[in-house]
Amino acid sequence: MSTTSFATYETAWCPGCGNYNILECLKTALEELGKDPYEVLMVAGIGQAAKTPQYISANSFCGLHGRSLPAAVAAKIANEKLTVIVNTGEGDSYGEGGNHFIHNIRRNVDITHFVHDNQIYGLTKGQASPTSIEGLVTPVQVTGSINTPLNPPLLAIAAGAGFVARGFSGNKQHLIALMKQAIEYKGYALVDILQPCISFNKVNTFAWYSKRVYELDSSYDPTSKLAALEKSLEFGDRIPIGVIYREPKQTYHEKNTILKSGVPLLDRKTDLSIVEKICSELK
Amino acid sequence: MVIALRHHEDIFYQTIRAFDLAEKYQIPVILLSDQYLADASATVRPFDLNHIYVAEAAVENQGGGEYLRYRYTDDGISPRLIPGKSNNFVSADSDEHDEKGRITESGEVRIRMMDKRMKKLEKLELELQEPDFIGSQAYDTLLVGWGSMYGPISEAVGILNKNESGRYAALLFGDVFPLPTKLLMEKSVSAKRIINVEQNATGQLAGLIREHTCIFCTSSILKYDGRQISGEEIADILMKGV
């Protein structure tokens with residue numbers, strides 16, 4: 001039996017959390033794309049956002065903190081027929097998983113990365129995250145965070161990502177459209193999704209984001225890398241949402257000499273005669 | 001499960017065995033190797049490809065009903081389905097979870113899942129590989145070592161038995177965790193001295209042996225200057241007296 005509807009389940013998130021909208025948008029995006037839930041694999045690390053795979057009917061893998069990308073990439077390499085989507089937080093993605101983030105962009109495996117970015121560590125009750133604004137006071141950073149916040153779109157474009165977008169959990173229709181484009185993009189696609197953490201981030205609230213975000217319109221050209229780098233720097237009084245950069249790129253599977261034949265690794269049998277041949281050549 | 005690789009031939013078969021054990025028991029298997037083994041060359045017998053085997057994942061959801069990735073079973077092992085290969089959801093989670101793979105904070109489920117995981121070890125212990133026993137049957141000194149110390153210790157036992165009329169034997173461990181203890185218990189009885197020969201500063205194998213068998217090594221030879229110990233070096237130290 002195959003179904004194209006994705007069931008969602010009761011969550012452990014705070015009422016009013018931005019994650020609810022993101023989950024709803026994800027469900028809608030997958031359904032509108034006609035995805036078969038049994039061929040979708042949701043991957044996450046650790047965190048509140050990282051619980052997302054728990055709340056939707058699909059295959060799921062939630063492993064170690066910061067290690068969602070290696071698992072997602074490995075699953076896609078083993079079985080390219082899977083639609084692999086990472087849903088996790090900015091701490092998991094850019095902090096603990098910062099190295100994986102940079103180098104998996106370079107690999108360009110065809111996966112989608114939705115980062116729930118609330119500029120705070122929510123699961124552990126409110127420490128500064130990689131994107132927390134400088135000066136943010138938390139129970140740990142009592143005199144304010146002294147670190148420069150990381151700029152995810154800027155970093156992703158600089159590392160060579162072919163699809164970089166920014167969404168907002170408060171603008172559902174816009175987010176659904178972004179998610180669909182990201183899933184359909186051939187290669188690594190990043191959507192940094194701004195969302196309020198209503199319990200632990202009292203600065204970057206729903207109202208704070210709502211006042212600042214604006215949709216990029218047709219006057220903006222997402223194919224220009226220089227323009228995209230410049231657009232990525234815009235984060236303050238005005239924050240652009242939409243596709244910031246888009247470029248067709250060859251994927252890991254298309255470039256890899258073993259994988260480009262299109263037969264998933266999973267369906268291949270080990271050919272022992274090759275080992276035998278090597279052994280006899282060395283005799 | 002931790003397997004320390006001992007020599008070139010061992011590496012080939014243990015790597016295949018590691019994949020087999022990982023699939024069969026649904027556990028991580030760690031292979032310990034080192035630069036010495038990786039840099040060393042040796043002549044080996046042609047590999048026997050007729051007797052190698054790696055378990056495979058389940059193809060169907062046997063027993064019907066909803067597929068449960070962490071189904072409670074008698075031996076603690078739940079059949080693994082591959083995501084995307086059947087109309088079942090496969091959910092894996094590193095947090096404590098129920099049979100379906102959904103995270104839980106229930107104390108009751110926690111205990112059942114811990115017991116389930118521990119149960120796998122009971123079955124695994126039945127197929128642990130005892131260490132290799134080498135040297136004289138009439139030994140009074142028993143050397144113990146693991147991993148790539150296989151070569152140097154074997155060489156040292158050969159030299160020593162030539163020079164000191166057959167007083168030396170050794171147990172060379174490949175499987176180190178869980179630690180196989182049968183042969184160790186048996187061979188330690190007739191040993192006047194048990195000496196661990198290791199390339200680390202703390203005597204990690206001696207520690208494991210103490211923890212699991214209450215057998216204390218009488219003395220140890222530890223080299224930790226970042227250079228490989230040789231058979232001659234070990235023999236030399238023992239002939240001078242440790």
# chains A, B, ... in the order shown; residues from 1 in each chain; ligands from 1
call {"tool": "interface_residues", "arguments": {"of": "chain B", "to": "chain A", "cutoff": "6 Å", "atoms": "only C-alpha atoms", "output": "compact mmCIF listing (two decimals) with N, CA and C atoms, in the first residue's frame"}}
result
# COMPACT_ATOMS: atom_id res chain seq x y z
N GLY B 84 13.13 2.55 2.49
CA GLY B 84 12.91 2.75 1.06
C GLY B 84 12.79 1.46 0.27
N ASN B 87 7.28 -1.07 1.94
CA ASN B 87 6.31 -0.10 2.44
C ASN B 87 6.18 -0.16 3.96
N PHE B 89 7.90 1.96 7.57
CA PHE B 89 8.74 3.05 8.03
C PHE B 89 9.83 2.50 8.93
N VAL B 90 11.06 2.89 8.63
CA VAL B 90 12.19 2.46 9.46
C VAL B 90 12.67 3.70 10.22
N SER B 91 12.55 3.67 11.53
CA SER B 91 12.91 4.84 12.33
C SER B 91 13.96 4.48 13.37
N ALA B 92 15.11 5.14 13.28
CA ALA B 92 16.19 4.89 14.21
C ALA B 92 16.46 6.16 15.00
N ASP B 93 16.69 6.01 16.31
CA ASP B 93 16.97 7.19 17.13
C ASP B 93 18.00 6.88 18.20
N SER B 94 18.91 7.84 18.43
CA SER B 94 19.97 7.64 19.42
C SER B 94 19.49 7.93 20.84
call {"tool": "select_by_dssp", "arguments": {"residues": "range 14-256 of chain A", "states": "strand (DSSP E or B)", "output": "PyMOL selection string"}}
result
chain A and resi 40-44+56+59-62+83-89+112-117+121+127+163-168+189-194+213-215+239-246
call {"tool": "closest_residue", "arguments": {"among": "A:Phe101, A:Trp13, A:Tyr185, A:Tyr94", "to": "Pro248 in chain A", "atoms": "only C-alpha atoms"}}
result
A:Tyr185
call {"tool": "closest_residue", "arguments": {"among": "A:Ile258, A:Leu233, A:Ala72, A:Val203", "to": "Gln119 in chain A", "atoms": "only C-alpha atoms"}}
result
A:Val203
call {"tool": "select_by_dssp", "arguments": {"residues": "range 22-96 of chain A", "states": "alpha helix (DSSP H)", "output": "ChimeraX atom specification"}}
result
/A:22-32,68-78,90
call {"tool": "atom_distance", "arguments": {"atom1": "CA of Thr257 in chain A", "atom2": "CA of Tyr188 in chain A"}}
result
18.9 Å
call {"tool": "closest_residue", "arguments": {"among": "B:Arg117, B:Met239, B:Gly64, B:Tyr70", "to": "Pro28 in chain B", "atoms": "only C-alpha atoms"}}
result
B:Arg117
call {"tool": "residues_around", "arguments": {"residues": "Lys225 in chain A", "least_positions_apart": "6", "cutoff": "10 Å", "atoms": "only C-alpha atoms", "output": "list in words"}}
result
Ile157, Ala158, Gly160, Gly162, Lys231, Ile244, Tyr245, Arg246 and Glu247 of chain A
call {"tool": "write_last_selection", "arguments": {"atoms": "N, CA and C atoms", "output": "PDB file, in the first residue's frame"}}
result
ATOM      1  N   ILE A 157      27.140  30.093   0.424  1.00  0.00           N
ATOM      2  CA  ILE A 157      27.460  30.524  -0.948  1.00  0.00           C
ATOM      3  C   ILE A 157      28.973  30.512  -1.142  1.00  0.00           C
ATOM      4  N   ALA A 158      29.694  31.000  -0.121  1.00  0.00           N
ATOM      5  CA  ALA A 158      31.159  31.034  -0.219  1.00  0.00           C
ATOM      6  C   ALA A 158      31.735  29.629  -0.352  1.00  0.00           C
ATOM      7  N   GLY A 160      30.340  27.202  -1.830  1.00  0.00           N
ATOM      8  CA  GLY A 160      30.017  26.647  -3.143  1.00  0.00           C
ATOM      9  C   GLY A 160      28.648  26.010  -3.274  1.00  0.00           C
ATOM     10  N   GLY A 162      24.890  25.377  -4.333  1.00  0.00           N
ATOM     11  CA  GLY A 162      24.177  25.768  -5.551  1.00  0.00           C
ATOM     12  C   GLY A 162      22.752  26.236  -5.304  1.00  0.00           C
ATOM     13  N   LYS A 231      23.483  40.264  -0.873  1.00  0.00           N
ATOM     14  CA  LYS A 231      22.145  40.097  -0.281  1.00  0.00           C
ATOM     15  C   LYS A 231      22.243  39.347   1.057  1.00  0.00           C
ATOM     16  N   ILE A 244      18.132  33.088  -2.356  1.00  0.00           N
ATOM     17  CA  ILE A 244      19.201  34.086  -2.416  1.00  0.00           C
ATOM     18  C   ILE A 244      20.175  33.751  -3.540  1.00  0.00           C
ATOM     19  N   TYR A 245      20.455  32.465  -3.692  1.00  0.00           N
ATOM     20  CA  TYR A 245      21.390  32.067  -4.750  1.00  0.00           C
ATOM     21  C   TYR A 245      20.987  30.731  -5.349  1.00  0.00           C
ATOM     22  N   ARG A 246      21.111  30.650  -6.662  1.00  0.00           N
ATOM     23  CA  ARG A 246      20.741  29.420  -7.355  1.00  0.00           C
ATOM     24  C   ARG A 246      21.617  29.239  -8.581  1.00  0.00           C
ATOM     25  N   GLU A 247      22.204  28.051  -8.675  1.00  0.00           N
ATOM     26  CA  GLU A 247      23.104  27.771  -9.783  1.00  0.00           C
ATOM     27  C   GLU A 247      23.044  26.278 -10.068  1.00  0.00           C
TER      28      GLU A 247
END
call {"tool": "residues_around", "arguments": {"residues": "Glu211 in chain B", "least_positions_apart": "6", "cutoff": "12 Å", "atoms": "only C-alpha atoms", "output": "list in words"}}
result
Phe177, Pro178, Leu179, Thr181, Gln204, Leu205 and Cys217 of chain B
call {"tool": "closest_residue", "arguments": {"among": "A:Cys17, A:Leu123, A:Leu216, A:Ile241", "to": "Phe168 in chain A", "atoms": "only C-alpha atoms"}}
result
A:Ile241
call {"tool": "atom_distance", "arguments": {"atom1": "CA of Phe200 in chain A", "atom2": "CA of Ala12 in chain A"}}
result
15.5 Å
call {"tool": "residues_around", "arguments": {"residues": "range 127-132 of chain B", "least_positions_apart": "3", "cutoff": "10 Å", "atoms": "only C-alpha atoms", "output": "ChimeraX atom specification"}}
result
/B:1,3,21,122-124,144-146,150,170-184
call {"tool": "atom_distance", "arguments": {"atom1": "CA of Ala78 in chain A", "atom2": "CA of Lys85 in chain B"}}
result
12.0 Å
call {"tool": "residues_around", "arguments": {"residues": "range 218-231 of chain B", "least_positions_apart": "2", "cutoff": "9 Å", "atoms": "only C-alpha atoms", "output": "PyMOL selection string"}}
result
chain B and resi 36+149+151-159+192-203+206+216+233-238+242
call {"tool": "decode", "arguments": {"residues": "range 217-261 of chain A", "atoms": "N, CA and C atoms", "output": "CSV table (one decimal), in the first residue's frame"}}
result
chain,number,residue,atom,x,y,z
A,217,ASP,N,11.6,39.8,-4.6
A,217,ASP,CA,10.7,39.8,-5.7
A,217,ASP,C,11.4,39.5,-7.0
A,218,SER,N,10.7,39.6,-8.1
A,218,SER,CA,11.3,39.3,-9.4
A,218,SER,C,12.4,40.3,-9.9
A,219,SER,N,12.5,41.4,-9.2
A,219,SER,CA,13.6,42.3,-9.5
A,219,SER,C,15.0,41.8,-9.0
A,220,TYR,N,14.9,40.8,-8.2
A,220,TYR,CA,16.2,40.3,-7.7
A,220,TYR,C,16.6,39.1,-8.5
A,221,ASP,N,17.9,39.1,-8.9
A,221,ASP,CA,18.4,38.0,-9.7
A,221,ASP,C,19.2,37.0,-8.9
A,222,PRO,N,18.7,35.8,-8.5
A,222,PRO,CA,19.4,34.9,-7.7
A,222,PRO,C,20.5,34.1,-8.4
A,223,THR,N,20.7,34.4,-9.7
A,223,THR,CA,21.8,33.7,-10.4
A,223,THR,C,23.1,34.4,-10.3
A,224,SER,N,23.1,35.6,-9.8
A,224,SER,CA,24.4,36.4,-9.7
A,224,SER,C,25.0,36.1,-8.4
A,225,LYS,N,26.2,35.5,-8.4
A,225,LYS,CA,26.9,35.2,-7.1
A,225,LYS,C,27.2,36.4,-6.3
A,226,LEU,N,27.7,37.5,-7.0
A,226,LEU,CA,28.1,38.7,-6.3
A,226,LEU,C,26.9,39.3,-5.6
A,227,ALA,N,25.8,39.4,-6.4
A,227,ALA,CA,24.6,40.0,-5.8
A,227,ALA,C,24.1,39.2,-4.6
A,228,ALA,N,24.3,37.9,-4.7
A,228,ALA,CA,23.8,37.0,-3.7
A,228,ALA,C,24.6,37.2,-2.4
A,229,LEU,N,26.0,37.3,-2.6
A,229,LEU,CA,26.8,37.5,-1.4
A,229,LEU,C,26.4,38.8,-0.7
A,230,GLU,N,26.1,39.8,-1.5
A,230,GLU,CA,25.8,41.1,-1.0
A,230,GLU,C,24.4,41.0,-0.3
A,231,LYS,N,23.5,40.3,-0.9
A,231,LYS,CA,22.1,40.1,-0.3
A,231,LYS,C,22.2,39.3,1.1
A,232,SER,N,23.2,38.4,1.1
A,232,SER,CA,23.4,37.6,2.3
A,232,SER,C,23.8,38.5,3.5
A,233,LEU,N,24.4,39.6,3.2
A,233,LEU,CA,24.9,40.5,4.3
A,233,LEU,C,23.8,41.3,4.9
A,234,GLU,N,22.6,41.3,4.2
A,234,GLU,CA,21.5,42.1,4.7
A,234,GLU,C,20.8,41.3,5.9
A,235,PHE,N,21.1,41.7,7.1
A,235,PHE,CA,20.5,41.1,8.3
A,235,PHE,C,20.5,42.1,9.4
A,236,GLY,N,19.4,42.8,9.5
A,236,GLY,CA,19.3,43.8,10.5
A,236,GLY,C,17.9,44.4,10.5
A,237,ASP,N,17.8,45.7,10.1
A,237,ASP,CA,16.5,46.3,10.1
A,237,ASP,C,15.6,45.6,9.0
A,238,ARG,N,16.3,45.1,8.0
A,238,ARG,CA,15.5,44.4,6.9
A,238,ARG,C,16.2,43.1,6.7
A,239,ILE,N,15.4,42.0,6.6
A,239,ILE,CA,16.0,40.7,6.3
A,239,ILE,C,15.3,40.1,5.1
A,240,PRO,N,16.0,39.9,4.0
A,240,PRO,CA,15.4,39.3,2.8
A,240,PRO,C,15.0,37.8,3.0
A,241,ILE,N,13.9,37.4,2.5
A,241,ILE,CA,13.6,35.9,2.5
A,241,ILE,C,13.3,35.5,1.0
A,242,GLY,N,13.6,34.3,0.7
A,242,GLY,CA,13.4,33.8,-0.7
A,242,GLY,C,14.7,33.1,-1.1
A,243,VAL,N,14.8,32.8,-2.4
A,243,VAL,CA,16.0,32.1,-2.9
A,243,VAL,C,17.1,33.2,-3.1
A,244,ILE,N,18.1,33.1,-2.4
A,244,ILE,CA,19.2,34.1,-2.4
A,244,ILE,C,20.2,33.8,-3.5
A,245,TYR,N,20.5,32.5,-3.7
A,245,TYR,CA,21.4,32.1,-4.7
A,245,TYR,C,21.0,30.7,-5.3
A,246,ARG,N,21.1,30.6,-6.7
A,246,ARG,CA,20.7,29.4,-7.4
A,246,ARG,C,21.6,29.2,-8.6
A,247,GLU,N,22.2,28.1,-8.7
A,247,GLU,CA,23.1,27.8,-9.8
A,247,GLU,C,23.0,26.3,-10.1
A,248,PRO,N,22.8,25.9,-11.3
A,248,PRO,CA,22.9,24.4,-11.6
A,248,PRO,C,24.3,23.9,-11.4
A,249,LYS,N,24.4,22.8,-10.7
A,249,LYS,CA,25.7,22.2,-10.5
A,249,LYS,C,25.7,20.7,-10.6
A,250,GLN,N,26.8,20.1,-11.1
A,250,GLN,CA,26.8,18.6,-11.1
A,250,GLN,C,26.8,18.1,-9.7
A,251,THR,N,26.0,17.0,-9.5
A,251,THR,CA,25.9,16.5,-8.2
A,251,THR,C,27.1,15.5,-7.9
A,252,TYR,N,27.2,15.1,-6.7
A,252,TYR,CA,28.2,14.1,-6.3
A,252,TYR,C,28.0,12.8,-7.1
A,253,HIS,N,26.7,12.4,-7.2
A,253,HIS,CA,26.4,11.1,-8.0
A,253,HIS,C,26.8,11.3,-9.5
A,254,GLU,N,26.6,12.4,-10.0
A,254,GLU,CA,26.9,12.6,-11.4
A,254,GLU,C,28.4,12.7,-11.7
A,255,LYS,N,29.2,13.1,-10.7
A,255,LYS,CA,30.6,13.2,-10.9
A,255,LYS,C,31.4,11.9,-10.4
A,256,ASN,N,30.8,11.2,-9.5
A,256,ASN,CA,31.5,10.0,-9.0
A,256,ASN,C,31.5,8.9,-10.0
A,257,THR,N,32.6,8.3,-10.3
A,257,THR,CA,32.7,7.3,-11.4
A,257,THR,C,32.0,6.1,-11.1
A,258,ILE,N,31.9,5.7,-9.8
A,258,ILE,CA,31.2,4.5,-9.4
A,258,ILE,C,29.7,4.7,-9.4
A,259,LEU,N,29.2,5.9,-8.9
A,259,LEU,CA,27.8,6.1,-8.7
A,259,LEU,C,27.1,6.5,-9.9
A,260,LYS,N,27.8,7.1,-10.9
A,260,LYS,CA,27.1,7.7,-12.0
A,260,LYS,C,26.3,6.7,-12.9
A,261,SER,N,26.6,5.4,-12.7
A,261,SER,CA,25.9,4.4,-13.5
A,261,SER,C,24.5,4.3,-13.1
